[in-house]
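Next up, protein36.cif (mmCIF, C-alpha atoms):
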```cif
data_upload
#
loop_
_atom_site.label_atom_id
_atom_site.label_comp_id
_atom_site.auth_asym_id
_atom_site.auth_seq_id
_atom_site.Cartn_x
_atom_site.Cartn_y
_atom_site.Cartn_z
CA MET A 1 -134.08 -54.57 -86.60
CA THR A 2 -136.13 -56.25 -89.30
CA THR A 3 -139.89 -55.66 -89.21
CA PRO A 4 -141.81 -58.93 -89.54
CA ALA A 5 -143.77 -59.24 -92.76
CA SER A 6 -147.54 -59.11 -92.48
CA SER A 7 -150.39 -59.70 -94.88
CA PRO A 8 -154.06 -58.80 -95.18
CA LEU A 9 -154.85 -62.51 -94.94
CA GLN A 10 -153.43 -62.63 -91.44
CA ALA A 11 -155.50 -59.61 -90.40
CA LEU A 12 -158.62 -61.13 -91.94
CA ALA A 13 -158.43 -63.91 -89.39
CA ARG A 14 -159.42 -61.34 -86.75
CA ILE A 15 -162.75 -60.74 -88.51
CA ARG A 16 -165.62 -62.86 -87.20
CA PRO A 17 -166.10 -66.03 -89.29
CA ASP A 18 -169.84 -65.37 -89.70
CA VAL A 19 -169.09 -61.87 -91.00
CA ARG A 20 -166.52 -63.22 -93.47
CA ALA A 21 -169.15 -65.65 -94.71
CA MET A 22 -171.69 -62.87 -95.32
CA HIS A 23 -172.39 -60.89 -98.47
CA SER A 24 -172.47 -57.12 -98.15
CA TYR A 25 -175.62 -55.24 -99.12
CA VAL A 26 -175.32 -54.41 -102.80
CA VAL A 27 -177.24 -51.61 -104.51
CA GLN A 28 -177.73 -52.41 -108.17
CA PRO A 29 -176.18 -49.91 -110.59
CA SER A 30 -179.07 -47.89 -111.95
CA THR A 31 -177.59 -45.31 -114.32
CA GLY A 32 -179.82 -45.08 -117.36
CA MET A 33 -182.40 -47.38 -115.75
CA LEU A 34 -185.92 -46.87 -114.46
CA LYS A 35 -185.39 -47.73 -110.79
CA MET A 36 -188.44 -49.60 -109.50
CA ASP A 37 -186.72 -51.92 -107.03
CA ALA A 38 -186.42 -49.86 -103.82
CA MET A 39 -189.87 -48.41 -103.05
CA GLU A 40 -188.70 -44.83 -103.48
CA ASN A 41 -191.02 -41.86 -103.90
CA PRO A 42 -190.91 -40.94 -107.62
CA PHE A 43 -191.61 -37.26 -106.99
CA ARG A 44 -189.02 -34.53 -106.53
CA LEU A 45 -189.71 -31.42 -104.49
CA PRO A 46 -191.30 -28.58 -106.48
CA ALA A 47 -188.71 -26.10 -107.74
CA HIS A 48 -189.65 -23.34 -105.29
CA LEU A 49 -189.31 -25.73 -102.35
CA GLN A 50 -185.97 -26.99 -103.67
CA ALA A 51 -184.72 -23.41 -103.65
CA ALA A 52 -186.07 -22.75 -100.17
CA LEU A 53 -184.53 -25.95 -98.81
CA GLY A 54 -181.21 -25.05 -100.41
CA GLN A 55 -181.21 -21.74 -98.57
CA ARG A 56 -182.05 -23.48 -95.28
CA LEU A 57 -179.29 -26.05 -95.65
CA GLY A 58 -176.81 -23.42 -96.74
CA ALA A 59 -177.32 -21.56 -93.47
CA VAL A 60 -176.72 -24.63 -91.27
CA ALA A 61 -173.68 -24.41 -88.99
CA LEU A 62 -171.72 -27.37 -90.33
CA ASN A 63 -168.87 -26.58 -87.95
CA ARG A 64 -171.03 -27.47 -84.95
CA TYR A 65 -172.28 -30.82 -83.68
CA PRO A 66 -176.06 -31.34 -83.80
CA GLY A 67 -177.74 -29.51 -80.92
CA ASP A 68 -181.11 -28.01 -80.10
CA ARG A 69 -182.53 -28.59 -83.57
CA ILE A 70 -182.60 -32.32 -82.81
CA ALA A 71 -185.00 -31.57 -79.96
CA ASP A 72 -187.08 -29.45 -82.36
CA LEU A 73 -187.21 -32.38 -84.79
CA LYS A 74 -188.38 -34.75 -82.05
CA VAL A 75 -191.22 -32.34 -81.20
CA ALA A 76 -192.19 -32.02 -84.88
CA LEU A 77 -192.19 -35.79 -85.41
CA ALA A 78 -194.21 -36.36 -82.23
CA GLN A 79 -196.82 -33.90 -83.45
CA TYR A 80 -196.85 -35.38 -86.95
CA ALA A 81 -197.30 -38.94 -85.67
CA GLY A 82 -199.77 -38.03 -82.89
CA MET A 83 -197.54 -39.38 -80.14
CA PRO A 84 -199.47 -40.17 -76.92
CA GLU A 85 -198.80 -38.45 -73.60
CA GLY A 86 -196.07 -40.08 -71.54
CA TYR A 87 -194.28 -41.41 -74.58
CA GLY A 88 -190.76 -40.66 -75.80
CA ILE A 89 -189.01 -40.68 -79.15
CA VAL A 90 -185.53 -41.69 -80.29
CA LEU A 91 -184.05 -40.91 -83.70
CA GLY A 92 -181.96 -43.14 -85.94
CA ASN A 93 -179.99 -42.95 -89.14
CA GLY A 94 -182.88 -44.60 -90.93
CA SER A 95 -184.92 -47.33 -89.27
CA ASP A 96 -182.02 -49.71 -90.00
CA GLU A 97 -180.00 -48.13 -87.21
CA LEU A 98 -182.96 -48.33 -84.83
CA ILE A 99 -183.26 -52.08 -85.51
CA THR A 100 -179.58 -52.41 -84.63
CA LEU A 101 -179.98 -50.37 -81.45
CA LEU A 102 -182.94 -52.48 -80.31
CA ALA A 103 -180.96 -55.68 -80.81
CA LEU A 104 -177.96 -54.18 -79.03
CA ALA A 105 -180.07 -53.06 -76.08
CA CYS A 106 -181.71 -56.49 -75.68
CA ALA A 107 -178.70 -58.76 -76.27
CA GLN A 108 -177.43 -60.65 -73.22
CA PRO A 109 -173.65 -60.99 -73.70
CA GLY A 110 -171.78 -62.88 -71.03
CA THR A 111 -174.91 -64.26 -69.37
CA GLY A 112 -174.80 -67.69 -70.98
CA GLN A 113 -178.36 -67.23 -72.18
CA ARG A 114 -178.92 -65.62 -75.57
CA ALA A 115 -181.90 -63.38 -76.15
CA THR A 116 -184.30 -64.20 -78.98
CA MET A 117 -185.82 -62.07 -81.72
CA LEU A 118 -188.94 -63.30 -83.52
CA ALA A 119 -190.73 -62.15 -86.67
CA PRO A 120 -193.07 -63.48 -89.35
CA MET A 121 -191.24 -64.48 -92.52
CA PRO A 122 -190.83 -63.55 -95.29
CA GLY A 123 -190.11 -60.13 -93.84
CA PHE A 124 -187.54 -57.36 -93.68
CA VAL A 125 -184.01 -58.74 -94.08
CA MET A 126 -182.62 -56.42 -91.39
CA TYR A 127 -184.40 -58.29 -88.60
CA PRO A 128 -182.42 -61.55 -88.85
CA LEU A 129 -179.26 -59.69 -89.85
CA SER A 130 -179.36 -57.46 -86.77
CA ALA A 131 -180.00 -60.51 -84.58
CA GLN A 132 -176.99 -62.29 -86.04
CA LEU A 133 -174.63 -59.34 -85.70
CA GLN A 134 -175.69 -58.45 -82.15
CA GLY A 135 -175.70 -62.03 -80.85
CA LEU A 136 -179.41 -62.81 -80.59
CA ASP A 137 -181.11 -65.98 -81.80
CA PHE A 138 -183.61 -65.34 -84.59
CA VAL A 139 -186.86 -67.26 -84.99
CA GLY A 140 -188.73 -66.75 -88.24
CA VAL A 141 -192.36 -67.90 -88.25
CA PRO A 142 -193.62 -68.61 -91.79
CA LEU A 143 -196.65 -66.75 -93.04
CA THR A 144 -199.50 -68.66 -94.65
CA PRO A 145 -199.14 -69.41 -98.38
CA ASP A 146 -201.26 -66.30 -99.03
CA PHE A 147 -198.99 -64.16 -96.80
CA GLU A 148 -201.35 -63.80 -93.87
CA LEU A 149 -200.18 -64.16 -90.27
CA ASP A 150 -200.23 -67.75 -89.05
CA GLU A 151 -201.65 -66.76 -85.67
CA PRO A 152 -201.49 -70.22 -84.02
CA ALA A 153 -197.88 -70.64 -85.16
CA MET A 154 -196.95 -67.17 -83.91
CA LEU A 155 -198.55 -67.79 -80.51
CA ALA A 156 -196.85 -71.18 -80.21
CA ALA A 157 -193.46 -69.71 -81.14
CA ILE A 158 -193.82 -66.91 -78.59
CA ALA A 159 -194.73 -69.42 -75.87
CA GLN A 160 -191.80 -71.66 -76.78
CA HIS A 161 -189.05 -69.09 -77.39
CA GLN A 162 -190.17 -66.18 -75.16
CA PRO A 163 -188.62 -63.58 -77.47
CA ALA A 164 -187.13 -60.38 -76.14
CA ILE A 165 -188.20 -58.64 -79.37
CA THR A 166 -191.09 -59.50 -81.69
CA TYR A 167 -191.30 -57.55 -84.95
CA ILE A 168 -194.62 -56.98 -86.69
CA ALA A 169 -194.18 -55.09 -89.96
CA TYR A 170 -197.41 -53.19 -90.56
CA PRO A 171 -197.58 -53.32 -93.63
CA ASN A 172 -195.04 -56.05 -94.32
CA ASN A 173 -192.12 -56.00 -96.77
CA PRO A 174 -192.00 -57.61 -99.34
CA THR A 175 -195.61 -58.82 -99.26
CA ALA A 176 -197.25 -55.37 -98.74
CA THR A 177 -199.69 -57.04 -96.32
CA LEU A 178 -201.54 -55.18 -93.56
CA TRP A 179 -202.50 -58.00 -91.23
CA ASP A 180 -205.73 -58.52 -89.31
CA GLU A 181 -205.92 -56.09 -86.39
CA GLY A 182 -207.39 -58.62 -83.96
CA ALA A 183 -204.72 -61.24 -84.73
CA VAL A 184 -201.97 -58.65 -84.29
CA GLN A 185 -203.34 -57.57 -80.91
CA ARG A 186 -203.53 -61.16 -79.68
CA ILE A 187 -199.89 -61.69 -80.69
CA ILE A 188 -198.96 -58.46 -78.90
CA ASP A 189 -200.82 -59.67 -75.80
CA ALA A 190 -198.98 -63.00 -75.87
CA ALA A 191 -195.58 -61.33 -76.22
CA GLY A 192 -196.38 -58.96 -73.39
CA ALA A 193 -197.53 -61.76 -71.10
CA GLN A 194 -194.03 -63.21 -71.12
CA GLY A 195 -192.29 -59.85 -70.73
CA GLY A 196 -191.28 -59.22 -74.34
CA ILE A 197 -191.11 -56.06 -76.44
CA VAL A 198 -193.16 -55.78 -79.64
CA VAL A 199 -192.01 -53.44 -82.40
CA MET A 200 -194.65 -52.32 -84.88
CA ASP A 201 -192.61 -51.43 -87.97
CA GLU A 202 -194.65 -48.88 -89.92
CA ALA A 203 -192.12 -47.98 -92.58
CA TYR A 204 -194.89 -47.88 -95.21
CA GLN A 205 -197.49 -46.08 -93.10
CA PRO A 206 -198.14 -43.27 -95.65
CA PHE A 207 -199.71 -45.86 -97.96
CA ALA A 208 -201.65 -47.93 -95.40
CA SER A 209 -205.27 -47.68 -94.30
CA ARG A 210 -204.49 -48.17 -90.59
CA THR A 211 -201.79 -47.31 -88.06
CA TRP A 212 -201.12 -49.04 -84.77
CA ILE A 213 -200.63 -45.75 -82.96
CA ASP A 214 -204.44 -45.50 -82.79
CA ARG A 215 -204.51 -48.71 -80.73
CA MET A 216 -201.64 -47.45 -78.58
CA ARG A 217 -203.69 -44.36 -77.72
CA ALA A 218 -206.96 -46.26 -77.26
CA GLU A 219 -205.55 -49.07 -75.10
CA PRO A 220 -202.30 -47.80 -73.55
CA ALA A 221 -202.12 -50.48 -70.83
CA ARG A 222 -202.56 -53.29 -73.32
CA ASN A 223 -199.83 -51.82 -75.53
CA ALA A 224 -197.42 -50.65 -72.83
CA HIS A 225 -194.69 -52.94 -74.20
CA VAL A 226 -195.17 -51.81 -77.81
CA LEU A 227 -192.78 -49.58 -79.74
CA LEU A 228 -193.78 -47.90 -83.00
CA MET A 229 -191.02 -47.55 -85.59
CA ARG A 230 -191.26 -45.38 -88.68
CA THR A 231 -188.98 -43.84 -91.27
CA LEU A 232 -189.11 -40.76 -93.45
CA SER A 233 -187.77 -42.82 -96.36
CA LYS A 234 -191.24 -43.74 -97.63
CA PHE A 235 -192.61 -40.37 -96.58
CA GLY A 236 -190.47 -39.12 -99.46
CA LEU A 237 -187.00 -38.57 -97.97
CA ALA A 238 -185.13 -41.81 -98.71
CA GLY A 239 -181.91 -39.85 -99.20
CA VAL A 240 -182.16 -38.11 -95.84
CA ARG A 241 -181.87 -41.32 -93.77
CA LEU A 242 -184.05 -40.61 -90.77
CA GLY A 243 -185.99 -43.12 -88.71
CA TYR A 244 -187.81 -42.65 -85.42
CA LEU A 245 -189.02 -44.89 -82.63
CA ILE A 246 -191.97 -44.01 -80.39
CA GLY A 247 -192.93 -45.73 -77.17
CA PRO A 248 -193.43 -45.42 -73.42
CA ALA A 249 -190.81 -42.97 -72.17
CA ALA A 250 -189.23 -45.38 -69.67
CA LEU A 251 -188.66 -47.98 -72.40
CA VAL A 252 -187.46 -45.56 -75.06
CA SER A 253 -184.97 -43.93 -72.68
CA GLU A 254 -183.24 -47.28 -72.15
CA ILE A 255 -182.86 -47.83 -75.90
CA ASP A 256 -181.56 -44.27 -76.28
CA LYS A 257 -178.60 -45.17 -74.05
CA VAL A 258 -177.01 -47.33 -76.77
CA ARG A 259 -177.51 -44.73 -79.51
CA PRO A 260 -174.24 -43.24 -80.79
CA PRO A 261 -173.93 -39.53 -79.98
CA TYR A 262 -174.78 -37.19 -82.86
CA ASN A 263 -176.12 -40.04 -85.01
CA VAL A 264 -178.38 -37.65 -86.96
CA SER A 265 -176.52 -34.97 -88.90
CA VAL A 266 -177.46 -31.31 -88.89
CA LEU A 267 -178.25 -31.52 -92.62
CA ASN A 268 -180.54 -34.54 -92.18
CA CYS A 269 -182.23 -32.85 -89.24
CA GLU A 270 -182.87 -29.59 -91.09
CA ALA A 271 -184.10 -31.36 -94.23
CA ALA A 272 -186.54 -33.40 -92.14
CA LEU A 273 -187.83 -30.32 -90.32
CA PHE A 274 -188.34 -28.58 -93.65
CA ALA A 275 -190.25 -31.56 -95.03
CA LEU A 276 -192.52 -31.75 -92.00
CA GLU A 277 -193.33 -28.07 -92.44
CA HIS A 278 -194.55 -29.00 -95.92
CA ALA A 279 -196.19 -32.31 -94.95
CA ASP A 280 -199.20 -31.49 -97.14
CA VAL A 281 -197.00 -31.72 -100.25
CA PHE A 282 -195.83 -35.19 -99.30
CA ALA A 283 -199.35 -36.26 -98.31
CA ALA A 284 -200.56 -35.31 -101.79
CA GLN A 285 -197.75 -37.36 -103.32
CA ALA A 286 -198.70 -40.37 -101.18
CA ALA A 287 -202.34 -40.00 -102.24
CA GLU A 288 -201.30 -40.03 -105.91
CA ILE A 289 -199.16 -43.14 -105.34
CA ARG A 290 -202.09 -44.90 -103.65
CA ALA A 291 -204.31 -44.07 -106.63
CA GLU A 292 -201.67 -45.31 -109.07
CA ARG A 293 -201.36 -48.50 -107.02
CA THR A 294 -205.00 -49.31 -107.70
CA THR A 295 -204.49 -48.82 -111.44
CA LEU A 296 -201.27 -50.83 -111.43
CA ILE A 297 -202.78 -53.81 -109.61
CA ALA A 298 -205.76 -53.86 -111.97
CA ALA A 299 -203.43 -53.89 -114.99
CA LEU A 300 -201.27 -56.66 -113.52
CA ARG A 301 -204.31 -58.84 -112.84
CA GLN A 302 -205.33 -58.52 -116.49
CA MET A 303 -201.84 -59.29 -117.84
CA PRO A 304 -201.34 -62.75 -119.41
CA GLY A 305 -198.47 -64.51 -117.67
CA VAL A 306 -199.05 -62.95 -114.25
CA GLU A 307 -200.19 -65.90 -112.17
CA LYS A 308 -201.14 -63.88 -109.10
CA CYS A 309 -200.98 -60.28 -107.90
CA TRP A 310 -201.59 -59.66 -104.22
CA ASP A 311 -203.42 -56.74 -102.63
CA SER A 312 -201.13 -54.00 -101.33
CA GLU A 313 -201.18 -51.50 -98.48
CA ALA A 314 -197.70 -50.17 -99.32
CA ASN A 315 -196.00 -48.51 -102.29
CA MET A 316 -195.03 -51.89 -103.71
CA VAL A 317 -196.85 -54.77 -105.36
CA LEU A 318 -195.97 -58.46 -105.12
CA LEU A 319 -196.75 -60.76 -108.01
CA ARG A 320 -195.96 -64.29 -109.13
CA VAL A 321 -194.98 -65.31 -112.64
CA ALA A 322 -193.92 -68.60 -114.22
CA ASP A 323 -190.20 -67.74 -114.25
CA SER A 324 -189.17 -64.76 -112.11
CA ALA A 325 -185.49 -64.93 -113.11
CA LYS A 326 -186.39 -64.73 -116.81
CA ALA A 327 -188.84 -61.87 -116.23
CA TYR A 328 -186.34 -59.98 -114.07
CA GLU A 329 -183.55 -60.26 -116.63
CA GLY A 330 -185.89 -59.35 -119.46
CA MET A 331 -187.00 -56.20 -117.65
CA LYS A 332 -183.41 -55.31 -116.79
CA ASN A 333 -182.46 -55.66 -120.47
CA ARG A 334 -185.30 -53.24 -121.19
CA LYS A 335 -183.80 -50.74 -118.68
CA VAL A 336 -186.29 -51.36 -115.86
CA LEU A 337 -185.03 -52.52 -112.46
CA VAL A 338 -187.40 -54.44 -110.18
CA LYS A 339 -186.70 -56.82 -107.29
CA ASN A 340 -186.59 -60.58 -107.80
CA VAL A 341 -187.49 -61.75 -104.28
CA SER A 342 -187.88 -65.43 -105.20
CA THR A 343 -184.72 -66.51 -103.37
CA MET A 344 -185.59 -64.71 -100.11
CA HIS A 345 -187.99 -67.37 -98.81
CA PRO A 346 -189.63 -70.55 -100.17
CA LEU A 347 -193.07 -68.89 -99.99
CA LEU A 348 -191.82 -66.28 -102.49
CA ALA A 349 -191.04 -68.72 -105.29
CA ASN A 350 -191.14 -66.94 -108.67
CA CYS A 351 -192.24 -63.67 -107.09
CA LEU A 352 -191.28 -60.17 -108.19
CA ARG A 353 -191.71 -57.00 -106.14
CA LEU A 354 -192.51 -53.82 -108.06
CA THR A 355 -192.37 -50.28 -106.74
CA VAL A 356 -195.46 -48.19 -107.34
CA GLY A 357 -194.38 -45.07 -109.20
CA ASN A 358 -196.10 -42.29 -111.09
CA ALA A 359 -198.29 -43.02 -114.08
CA GLU A 360 -195.47 -42.70 -116.63
CA ASP A 361 -193.08 -44.93 -114.68
CA ASN A 362 -195.75 -47.55 -114.08
CA ALA A 363 -196.66 -47.66 -117.77
CA GLN A 364 -193.01 -48.18 -118.73
CA MET A 365 -192.64 -50.89 -116.08
CA LEU A 366 -195.80 -52.69 -117.23
CA ALA A 367 -194.64 -52.65 -120.85
CA ALA A 368 -191.24 -54.07 -119.88
CA LEU A 369 -192.87 -56.78 -117.77
CA GLN A 370 -195.32 -57.79 -120.48
CA ALA A 371 -192.49 -58.06 -123.01
CA SER A 372 -190.42 -60.15 -120.58
CA LEU A 373 -192.96 -62.81 -119.60
#
```
Entire entry expressed as structure tokens:
Amino acid sequence: MTTPASSPLQALARIRPDVRAMHSYVVQPSTGMLKMDAMENPFRLPAHLQAALGQRLGAVALNRYPGDRIADLKVALAQYAGMPEGYGIVLGNGSDELITLLALACAQPGTGQRATMLAPMPGFVMYPLSAQLQGLDFVGVPLTPDFELDEPAMLAAIAQHQPAITYIAYPNNPTATLWDEGAVQRIIDAAGAQGGIVVMDEAYQPFASRTWIDRMRAEPARNAHVLLMRTLSKFGLAGVRLGYLIGPAALVSEIDKVRPPYNVSVLNCEAALFALEHADVFAAQAAEIRAERTTLIAALRQMPGVEKCWDSEANMVLLRVADSAKAYEGMKNRKVLVKNVSTMHPLLANCLRLTVGNAEDNAQMLAALQASL
């Protein structure tokens, strides 16, 4: 019997058309480059802590699935974040996975009525992507030209679309904005009044002057539909891939049902526990980055060719130049990688996003930028 011939092209037809039309997430090659495009912590662990962590990880039972140490990590994270009584916590492989789980939990397949996700834009690219892949409609509400929340537009969009999920990045990526507390609470109130969930995405919390968890503790009834999402990536563990979601236990337990079993590895878990035991080291690093941010912004505002540099409450700085593509390529040719965000949204025309590094990295980045303008 002759086996019918097949081809990859035939199999490709089984892949969703919208997925085939997408571009995969590409990480720029960075060998030999100063990498200032991904908001990573520039500091390595001190040598004695590297050795201690190596011993800890070497003793982990890799032959076993994650077990009780996951519960220990949840307790440690709850204590670190100051989680209120009656709240629960769910872990993710970075906050990216948590965004996917939230969309998956709120999608309405087979009902004939699609759920909606809403967020200010420009914002984190994973919000619309997760909506697309999980079958939700996405509504992006433009920020003001100066990257503040357009409160009337947000309230109108919530009333019109009644979103299942509203994301408020606090601070926002890529604008590094920490929006007005009163405006945020009014948007939260409006979303709650129509039965929606609000996710406060605090990925950059170590560099911000405020955290929404204080409001969640102070006014629990008013924030009973609010989830707080954080990641250890900006804490200083980008390579560990660990995010966590905090919220009222009844709500968090429903989201936990769609989480894949054993989604956090024993190595990631142990590395995170170790880091939390040495949280003071990472807090000192964050303090140094915040101080360097002040110096960096001041230098950018004095640099000829920089048309505008916005205030920042994160470990990144957004600026506008005359020709972002030219500046980006010039910096890349000088072995410095930054992010050209100008194609992400019309409001970001000719904008670059720079990571805040240590003093040496920032000086090299500034020199490359100045030579590229």
**OP:** Excluding Pro66 in chain A and any residue of its chain fewer than 4 positions from it, enumerate the residues within 12 Å of it, using only C-alpha atoms, and give them as JSON, numbers by chain.
**Re:** {"A": [60, 61, 62, 70, 71, 72, 73, 261, 262, 263, 264, 265, 266, 267, 268, 269, 270]}
**OP:** Would you kindly return, as an MDAnalysis selection string, each protein, DNA or RNA residue with an atom no farther than 6 Å from any atom of range 285-302 of chain A, considering all atoms listed in the file and excluding same-chain residues fewer than 2 positions away?
**Re:** chainID A and resid 282:283 356
List every residue of range 78-110 of chain A that has an atom at most 12 Å from any atom of range 180-202 of chain A, and for each one report the closest atom pair and its distance in Å to one decimal, counting only C-alpha atoms, with rows sorted by chain and then by increasing residue number, as CSV.
```
residue,atom,partner,partner_atom,distance
A:Ala81,CA,A:Glu202,CA,11.1
A:Ser95,CA,A:Asp201,CA,8.8
A:Asp96,CA,A:Asp201,CA,10.9
A:Leu98,CA,A:Asp201,CA,10.6
A:Ile99,CA,A:Val199,CA,9.4
A:Leu102,CA,A:Val199,CA,9.4
A:Ala103,CA,A:Ile197,CA,11.1
A:Ala105,CA,A:Ile197,CA,11.4
A:Cys106,CA,A:Ile197,CA,9.4
```
Original post:
Separation of CA of Ala250 in chain A and CA of Ala159 in chain A, in Å?
Top reply: 25.4 Å
Subject >> Given the PyMOL selection byres ((chain A and resi 35) around 8), the residues it picks as a PyMOL selection string >> reply: chain A and resi 30+33-34+36-38+336-338
**OP:** Provide the CA of Ala371 in chain A to CA of Asp146 in chain A distance in Å, to one decimal place.
**Re:**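 Spanning CA of Ala371 in chain A to CA of Asp146 in chain A is a straight-line distance of 26.8 Å.
CA of Gln10 in chain A to CA of Ala131 in chain A spans 27.5 Å [interatomic distance, one decimal].
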